[in-house]
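A.B. asks: If it helps, the file is called entry.cif and holds mmCIF, C-alpha atoms:
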data_final
loop_
_atom_site.label_atom_id
_atom_site.label_comp_id
_atom_site.auth_asym_id
_atom_site.auth_seq_id
_atom_site.Cartn_x
_atom_site.Cartn_y
_atom_site.Cartn_z
CA MET A 1 8.10 43.78 -25.34
CA ASP A 2 5.67 44.58 -22.53
CA PRO A 3 2.22 43.01 -22.62
CA LEU A 4 -0.55 45.18 -24.12
CA PRO A 5 -3.50 45.76 -23.89
CA LEU A 6 -3.72 46.64 -20.22
CA THR A 7 -6.58 45.75 -17.92
CA GLU A 8 -8.85 48.61 -16.90
CA PRO A 9 -7.62 48.86 -13.26
CA VAL A 10 -3.99 48.90 -14.42
CA LEU A 11 -4.70 51.52 -17.08
CA LEU A 12 -6.53 53.73 -14.57
CA VAL A 13 -3.73 53.41 -12.02
CA LEU A 14 -1.20 54.45 -14.68
CA LEU A 15 -3.37 57.37 -15.78
CA SER A 16 -3.73 58.49 -12.18
CA LEU A 17 0.04 58.41 -11.66
CA ALA A 18 0.68 60.11 -15.02
CA GLU A 19 -0.56 63.38 -13.56
CA GLN A 20 1.47 63.30 -10.35
CA PRO A 21 2.89 60.89 -7.76
CA ARG A 22 0.24 59.64 -5.35
CA HIS A 23 -0.19 57.35 -2.38
CA GLY A 24 -2.71 54.49 -2.21
CA TYR A 25 -5.81 56.27 -0.98
CA SER A 26 -5.23 59.20 -3.34
CA ILE A 27 -5.05 56.77 -6.30
CA LEU A 28 -8.36 55.17 -5.24
CA LYS A 29 -10.11 58.52 -5.02
CA ASP A 30 -8.61 59.81 -8.28
CA ILE A 31 -9.76 56.71 -10.18
CA GLU A 32 -13.27 57.12 -8.79
CA ARG A 33 -13.25 60.79 -9.85
CA MET A 34 -11.78 60.07 -13.32
CA SER A 35 -14.38 57.43 -14.09
CA GLY A 36 -17.26 59.52 -12.73
CA GLY A 37 -17.90 56.97 -9.98
CA ARG A 38 -18.19 54.05 -12.41
CA VAL A 39 -14.98 52.36 -11.26
CA VAL A 40 -14.37 52.00 -7.55
CA LEU A 41 -11.40 49.77 -6.84
CA SER A 42 -11.05 47.72 -3.69
CA THR A 43 -7.76 47.88 -1.79
CA GLY A 44 -7.05 44.27 -2.84
CA THR A 45 -7.44 45.10 -6.53
CA LEU A 46 -5.46 48.33 -6.22
CA TYR A 47 -2.48 46.73 -4.48
CA GLY A 48 -2.55 43.73 -6.84
CA ALA A 49 -2.18 46.16 -9.76
CA LEU A 50 0.47 48.22 -7.95
CA GLN A 51 2.52 45.14 -7.14
CA ARG A 52 2.54 43.93 -10.75
CA LEU A 53 3.47 47.37 -12.02
CA LEU A 54 6.29 47.61 -9.46
CA ARG A 55 7.57 44.20 -10.50
CA GLN A 56 7.54 45.17 -14.19
CA GLY A 57 9.32 48.43 -13.41
CA TRP A 58 6.51 50.62 -14.75
CA ILE A 59 6.14 52.47 -11.43
CA GLU A 60 8.38 53.03 -8.43
CA ARG A 61 7.74 53.62 -4.77
CA PHE A 62 9.22 56.28 -2.58
CA GLU A 63 8.78 57.39 1.01
CA GLU A 64 6.88 60.64 1.46
CA ASP A 65 7.48 60.58 5.16
CA MET A 66 10.40 58.50 6.43
CA ALA A 67 8.71 57.92 9.78
CA SER A 68 5.72 56.06 8.40
CA ARG A 69 5.47 53.11 6.03
CA ASP A 70 1.85 53.82 5.19
CA ARG A 71 2.76 57.12 3.52
CA ARG A 72 4.65 55.41 0.73
CA ALA A 73 3.83 57.02 -2.60
CA TYR A 74 4.07 55.79 -6.17
CA ARG A 75 5.20 57.46 -9.38
CA LEU A 76 5.57 56.46 -13.03
CA THR A 77 8.99 55.45 -14.32
CA SER A 78 10.10 56.46 -17.81
CA ARG A 79 9.36 52.91 -18.93
CA GLY A 80 5.84 53.10 -17.50
CA ARG A 81 5.21 56.46 -19.18
CA ARG A 82 6.43 55.11 -22.52
CA ASN A 83 4.20 52.03 -22.25
CA LEU A 84 1.21 54.15 -21.25
CA GLN A 85 1.77 56.37 -24.31
CA MET A 86 1.91 53.25 -26.50
CA GLU A 87 -1.34 51.98 -25.01
CA VAL A 88 -3.08 55.33 -25.48
CA ALA A 89 -1.87 55.43 -29.11
CA ARG A 90 -3.24 51.92 -29.63
CA MET A 91 -6.59 52.89 -28.15
CA ARG A 92 -6.72 56.10 -30.21
CA HIS A 93 -6.12 54.06 -33.38
CA LEU A 94 -8.84 51.58 -32.42
CA SER A 95 -11.26 54.36 -31.58
CA LYS A 96 -10.59 56.09 -34.95
CA LEU A 97 -11.05 52.80 -36.78
CA ALA A 98 -14.31 52.09 -34.94
CA SER A 99 -15.66 55.58 -35.73
CA LEU A 100 -14.80 55.13 -39.41
CA ARG A 101 -16.41 51.69 -39.61
CA LEU A 102 -19.55 52.81 -37.80
CA ALA A 103 -19.85 55.90 -39.97
CA GLY A 104 -19.47 53.71 -43.08
CA LYS A 105 -22.18 51.38 -41.84
CA GLU A 106 -24.58 54.21 -41.13
CA ALA A 107 -23.96 55.94 -44.50
CA MET B 1 -13.67 46.41 11.41
CA ILE B 2 -9.99 47.23 10.97
CA GLN B 3 -9.14 44.20 13.11
CA LEU B 4 -11.29 42.00 10.89
CA TYR B 5 -9.58 43.39 7.81
CA ARG B 6 -6.15 42.72 9.35
CA ARG B 7 -7.19 39.12 9.96
CA LEU B 8 -8.44 38.74 6.40
CA LEU B 9 -5.04 39.85 5.14
CA TYR B 10 -3.71 36.53 6.45
CA LEU B 11 -5.26 35.01 3.32
CA TYR B 12 -2.34 36.51 1.37
CA PRO B 13 1.11 34.94 1.22
CA ALA B 14 3.36 36.14 4.08
CA ALA B 15 5.81 38.00 1.81
CA TYR B 16 3.01 40.00 0.20
CA ARG B 17 1.52 40.79 3.61
CA ARG B 18 4.86 42.04 4.90
CA GLU B 19 5.29 44.30 1.89
CA PHE B 20 1.78 45.73 1.55
CA GLY B 21 -0.18 44.73 4.68
CA GLU B 22 0.27 47.95 6.66
CA GLU B 23 -0.33 50.15 3.65
CA MET B 24 -3.48 48.24 2.66
CA THR B 25 -4.86 48.49 6.21
CA SER B 26 -4.19 52.22 6.23
CA VAL B 27 -5.95 52.74 2.87
CA PHE B 28 -8.83 50.53 4.02
CA SER B 29 -9.30 52.58 7.19
CA GLN B 30 -9.37 55.80 5.14
CA ALA B 31 -11.79 54.38 2.57
CA HIS B 32 -14.08 52.74 5.14
CA PRO B 33 -17.53 54.38 5.20
CA THR B 34 -18.37 56.34 8.29
CA ALA B 35 -20.94 55.07 10.80
CA GLU B 36 -23.35 57.84 9.73
CA GLN B 37 -23.69 56.32 6.27
CA SER B 38 -26.63 54.04 5.61
CA PHE B 39 -26.49 50.26 5.45
CA LEU B 40 -26.38 49.94 1.63
CA PRO B 41 -23.14 51.86 0.95
CA ARG B 42 -21.47 50.01 3.81
CA ALA B 43 -22.68 46.63 2.51
CA LYS B 44 -21.45 47.48 -1.00
CA PHE B 45 -18.09 48.55 0.39
CA TRP B 46 -17.66 45.29 2.29
CA GLN B 47 -18.78 43.22 -0.68
CA ARG B 48 -16.23 44.97 -2.90
CA GLU B 49 -13.44 44.66 -0.34
CA LEU B 50 -14.12 40.98 0.34
CA ALA B 51 -14.24 40.14 -3.38
CA GLY B 52 -11.03 42.12 -3.99
CA LEU B 53 -9.26 40.42 -1.09
CA LEU B 54 -10.32 36.90 -2.05
CA CYS B 55 -9.41 37.35 -5.73
CA GLY B 56 -6.15 39.11 -4.84
CA ALA B 57 -5.14 36.41 -2.35
CA ALA B 58 -5.95 33.62 -4.83
CA ARG B 59 -3.97 35.43 -7.54
CA GLU B 60 -0.93 35.89 -5.26
CA HIS B 61 -0.98 32.25 -4.12
CA PHE B 62 -1.25 31.21 -7.76
CA HIS B 63 1.73 33.43 -8.57
CA SER B 64 3.82 32.13 -5.68
CA PHE B 65 3.03 28.58 -6.80
CA THR B 66 3.57 28.94 -10.57
CA GLY B 67 5.72 32.10 -10.79
CA SER B 68 3.26 33.63 -13.26
CA TYR B 69 0.04 35.63 -13.24
CA ASP B 70 -0.84 34.24 -16.65
CA TRP B 71 -3.37 31.47 -16.19
CA ASN B 72 -2.95 30.26 -19.79
CA ALA B 73 0.85 30.11 -19.55
CA SER B 74 0.56 28.13 -16.36
CA ARG B 75 -1.94 25.76 -17.94
CA ARG B 76 0.45 25.20 -20.85
CA LEU B 77 3.19 24.47 -18.32
CA ASN B 78 1.00 22.00 -16.45
CA MET B 79 -0.05 20.31 -19.68
CA ARG B 80 3.60 19.52 -20.34
CA ARG B 81 3.78 17.67 -17.04
CA PHE B 82 0.30 16.20 -17.36
CA PRO B 83 -0.39 15.65 -21.07
CA ARG B 84 -3.89 15.27 -22.51
CA SER B 85 -3.13 11.65 -23.48
CA THR B 86 -2.99 10.87 -19.73
CA ILE B 87 -6.51 12.21 -19.28
CA VAL B 88 -7.71 10.08 -22.23
CA LEU B 89 -6.03 6.97 -20.79
CA MET B 90 -7.45 7.62 -17.32
CA THR B 91 -10.93 7.99 -18.83
CA VAL B 92 -10.51 4.73 -20.77
CA ILE B 93 -9.43 2.94 -17.56
CA LEU B 94 -12.41 4.38 -15.64
CA VAL B 95 -14.82 3.25 -18.38
CA GLY B 96 -13.15 -0.21 -18.30
CA VAL B 97 -13.62 -0.47 -14.53
CA ALA B 98 -17.27 0.61 -14.83
CA LEU B 99 -17.95 -1.95 -17.60
CA THR B 100 -16.28 -4.73 -15.57
CA ILE B 101 -18.42 -3.91 -12.54
CA GLU B 102 -21.55 -3.94 -14.69
CA LYS B 103 -20.54 -7.28 -16.26
CA ALA B 104 -19.93 -8.76 -12.79
CA ARG B 105 -23.39 -7.62 -11.72
CA VAL B 106 -24.99 -9.31 -14.74
CA VAL B 107 -23.12 -12.54 -13.99
CA GLN B 108 -24.19 -12.38 -10.34
CA ILE B 109 -27.84 -11.93 -11.29
CA LYS B 110 -27.59 -14.76 -13.86
CA TYR B 111 -26.25 -17.34 -11.38
CA ASP B 112 -27.81 -16.16 -8.11
CA GLY B 113 -31.05 -15.09 -9.65
CA PHE B 114 -31.05 -11.76 -7.79
CA SER B 115 -28.66 -9.11 -6.66
CA THR B 116 -28.47 -8.52 -2.90
CA THR B 117 -26.61 -5.22 -2.96
CA SER B 118 -25.84 -2.85 -5.78
CA VAL B 119 -22.16 -2.81 -6.70
CA TRP B 120 -22.56 0.80 -7.83
CA ASP B 121 -23.45 1.91 -4.31
CA THR B 122 -20.24 0.34 -3.01
CA PHE B 123 -18.13 1.76 -5.85
CA LEU B 124 -19.50 5.30 -5.57
CA GLY B 125 -19.32 5.09 -1.79
CA PHE B 126 -15.68 4.03 -2.05
CA LEU B 127 -14.88 6.94 -4.39
CA THR B 128 -16.60 9.43 -2.07
CA PHE B 129 -14.88 7.98 0.98
CA GLY B 130 -11.50 8.05 -0.77
CA PHE B 131 -11.98 11.66 -1.83
CA GLY B 132 -13.04 12.61 1.71
CA VAL B 133 -9.97 10.94 3.24
CA MET B 134 -7.63 12.66 0.77
CA LEU B 135 -9.27 16.04 1.42
CA LEU B 136 -8.98 15.57 5.17
CA ALA B 137 -5.31 14.54 4.83
CA ALA B 138 -4.57 17.59 2.67
CA VAL B 139 -6.27 19.99 5.11
CA THR B 140 -4.50 18.40 8.11
CA GLY B 141 -1.13 18.55 6.34
CA TRP B 142 -1.64 22.17 5.41
CA ALA B 143 -2.70 23.03 8.98
CA ILE B 144 0.42 21.32 10.42
CA LEU B 145 2.72 23.13 7.97
CA PHE B 146 1.00 26.44 8.70
CA ALA B 147 1.33 25.89 12.47
CA LEU B 148 5.03 24.95 12.12
CA ARG B 149 5.70 28.02 10.04
CA ARG B 150 4.03 30.22 12.64
CA THR B 151 6.38 28.84 15.31
CA GLY B 152 9.38 29.86 13.18
CA MET B 153 10.77 26.31 13.05
CA HIS B 154 11.75 26.73 9.40
CA ARG B 155 14.36 29.28 10.50
CA LEU B 156 16.20 26.69 12.62
CA SER B 157 18.13 25.46 9.58
CA ASN B 158 19.66 28.95 9.27
CA VAL B 159 20.92 29.00 12.87
CA GLN B 160 24.72 28.89 13.13
CA THR B 161 25.67 26.67 16.07
CA TRP B 162 29.45 27.15 15.84
CA GLN B 163 31.68 30.16 16.28
CA ASP B 164 33.62 31.65 13.39
CA HIS B 165 37.38 31.94 13.92
CA GLU B 166 38.68 34.76 11.80
#
When written as structure tokens, how does the structure in this file appear?

C.D. replies:
Amino acid sequence: MDPLPLTEPVLLVLLSLAEQPRHGYSILKDIERMSGGRVVLSTGTLYGALQRLLRQGWIERFEEDMASRDRRAYRLTSRGRRNLQMEVARMRHLSKLASLRLAGKEA
Amino acid sequence: MIQLYRRLLYLYPAAYRREFGEEMTSVFSQAHPTAEQSFLPRAKFWQRELAGLLCGAAREHFHSFTGSYDWNASRRLNMRRFPRSTIVLMTVILVGVALTIEKARVVQIKYDGFSTTSVWDTFLGFLTFGFGVMLLAAVTGWAILFALRRTGMHRLSNVQTWQDHE
């Protein structure tokens, strides 16, 4: 069983890669755009998250351009996609529960 | 700036640097604010990058040392090697030493009539000195090991000095 819940940087990296494979800088920019500028990851944080996800087999790396190492891109594996879906389902359930409880309190 | 960033990457373990160093430098150079931008965005960028690097390097060293990113799991592991009872016993011994010193001081005052020097100053001074010596020894040892590793001496054990006869 993979560890859930995920930290925010890890969740955002997974969400960014869920749309399409991306390389490092593209992930940074996509996360900034997704969060409306609220979350801006440093390169250290980004690569820490990427390394853990690679190790767990949730993402994989491939060469976009064989001549250059810095154009390595990342994509979700089927395991990563499955775990992301589980996490989103968990969050959806929590969100529904919170809405119900808050509505009950207000009523 | 890129040169400085490259140097800061030396804070990471060598294996991590080999795997991600080039890529991180490339992303950093793309994300780096341009010279036209004002001081504040640049300062924020550097603050974020430095914090990310320091935390990331500490996390990777922790992982290479314990084999886990989970601080709690590692603490449980360490507690098995260093149980809480040891901490209690060490505290009891420290309190015993402190009480003995205090008793000796009372006896000295009783028979001499006055105390020339405070035993506490000596004791605390000794502890500080001891800690300083240990810290210095640890830093020196680490520096020697780091320098030896940079020379590639650790690879000598892998050198084959004989010829294979197939």

A.B. asks: Give the residues of chain B that lie within 12 Å of chain A; count only C-alpha atoms, and format the answer as JSON, numbers by chain.

C.D. replies: {"B": [5, 8, 9, 11, 12, 15, 16, 17, 18, 19, 20, 21, 22, 23, 24, 25, 26, 27, 28, 29, 30, 31, 32, 44, 45, 46, 47, 48, 49, 50, 51, 52, 53, 54, 55, 56, 57, 58, 59, 60, 61, 63, 68, 69, 70]}

A.B. asks: Within 8 Å of Pro33 of chain B, counting only C-alpha atoms, which residues show up once you throw out same-chain ones fewer than 3 positions away? Write them as a PyMOL selection string, please.

C.D. replies: chain B and resi 37+41-42+45

A.B. asks: What separation in Å, quoted to one decimal, exists between atom CA of Gly125 of chain B and atom CA of Glu102 of chain B?

C.D. replies: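 Spanning atom CA of Gly125 of chain B to atom CA of Glu102 of chain B is a straight-line distance of 15.9 Å.
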
A.B. asks: Provide the atom CA of Leu136 of chain B to atom CA of Gly152 of chain B distance in Å, to one decimal place.

C.D. replies: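 Atom-to-atom, atom CA of Leu136 of chain B and atom CA of Gly152 of chain B are spaced 24.6 Å apart.
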
A.B. asks: Would you compute, for all listed atoms of segment 89-105 of chain A, the axis-aligned bounding box grown by 3 Å on each side, and then report its centre and edge lengths in Å rounded to one decimal, as lines of an AutoDock Vina configuration file?

C.D. replies:
center_x = -12.0
center_y = 53.7
center_z = -35.6
size_x = 26.3
size_y = 10.7
size_z = 20.9

A.B. asks: One decimal, Å: what's the distance from atom CA of Lys96 of chain A over to atom CA of Leu53 of chain A, could you say?

C.D. replies: 28.3 Å

A.B. asks: For Met86 of chain A, work out the shell of residues within 10 Å, counting all atoms listed in the file and skipping chain neighbours fewer than 5 positions away, then give it as a list in words.

C.D. replies: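 Returned residues: Leu4, Pro5, Gly80, Arg81, Met91 and Arg92 of chain A.
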
A.B. asks: Can you pull out the residues contacting Arg79 of chain A? Cut-off 8 Å, using only C-alpha atoms, and skip same-chain residues under 3 positions away; I want them as a ChimeraX atom specification.

C.D. replies: /A:57-58,76,82-83

A.B. asks: Could you state which residues are captured by the PyMOL selection byres ((chain A and resi 9) around 9) in this file, as a VMD selection string?

C.D. replies: chain A and resid 6 to 8 10 to 14 31 39 41 45 to 46 49

A.B. asks: Please produce a file of the residues just selected, as a PDB file, keeping the file's coordinate frame, where the atoms kept are C-alpha atoms.

C.D. replies:
ATOM      1  CA  LEU A   6      -3.720  46.640 -20.220  1.00  0.00           C
ATOM      2  CA  THR A   7      -6.580  45.750 -17.920  1.00  0.00           C
ATOM      3  CA  GLU A   8      -8.850  48.610 -16.900  1.00  0.00           C
ATOM      4  CA  VAL A  10      -3.990  48.900 -14.420  1.00  0.00           C
ATOM      5  CA  LEU A  11      -4.700  51.520 -17.080  1.00  0.00           C
ATOM      6  CA  LEU A  12      -6.530  53.730 -14.570  1.00  0.00           C
ATOM      7  CA  VAL A  13      -3.730  53.410 -12.020  1.00  0.00           C
ATOM      8  CA  LEU A  14      -1.200  54.450 -14.680  1.00  0.00           C
ATOM      9  CA  ILE A  31      -9.760  56.710 -10.180  1.00  0.00           C
ATOM     10  CA  VAL A  39     -14.980  52.360 -11.260  1.00  0.00           C
ATOM     11  CA  LEU A  41     -11.400  49.770  -6.840  1.00  0.00           C
ATOM     12  CA  THR A  45      -7.440  45.100  -6.530  1.00  0.00           C
ATOM     13  CA  LEU A  46      -5.460  48.330  -6.220  1.00  0.00           C
ATOM     14  CA  ALA A  49      -2.180  46.160  -9.760  1.00  0.00           C
TER      15      ALA A  49
END

A.B. asks: Specify as a VMD selection string each residue included when the PyMOL selection byres ((chain A and resi 74) around 10) is applied to this file.

C.D. replies: chain A and resid 17 20 to 24 27 50 54 59 to 64 71 to 73 75 to 77
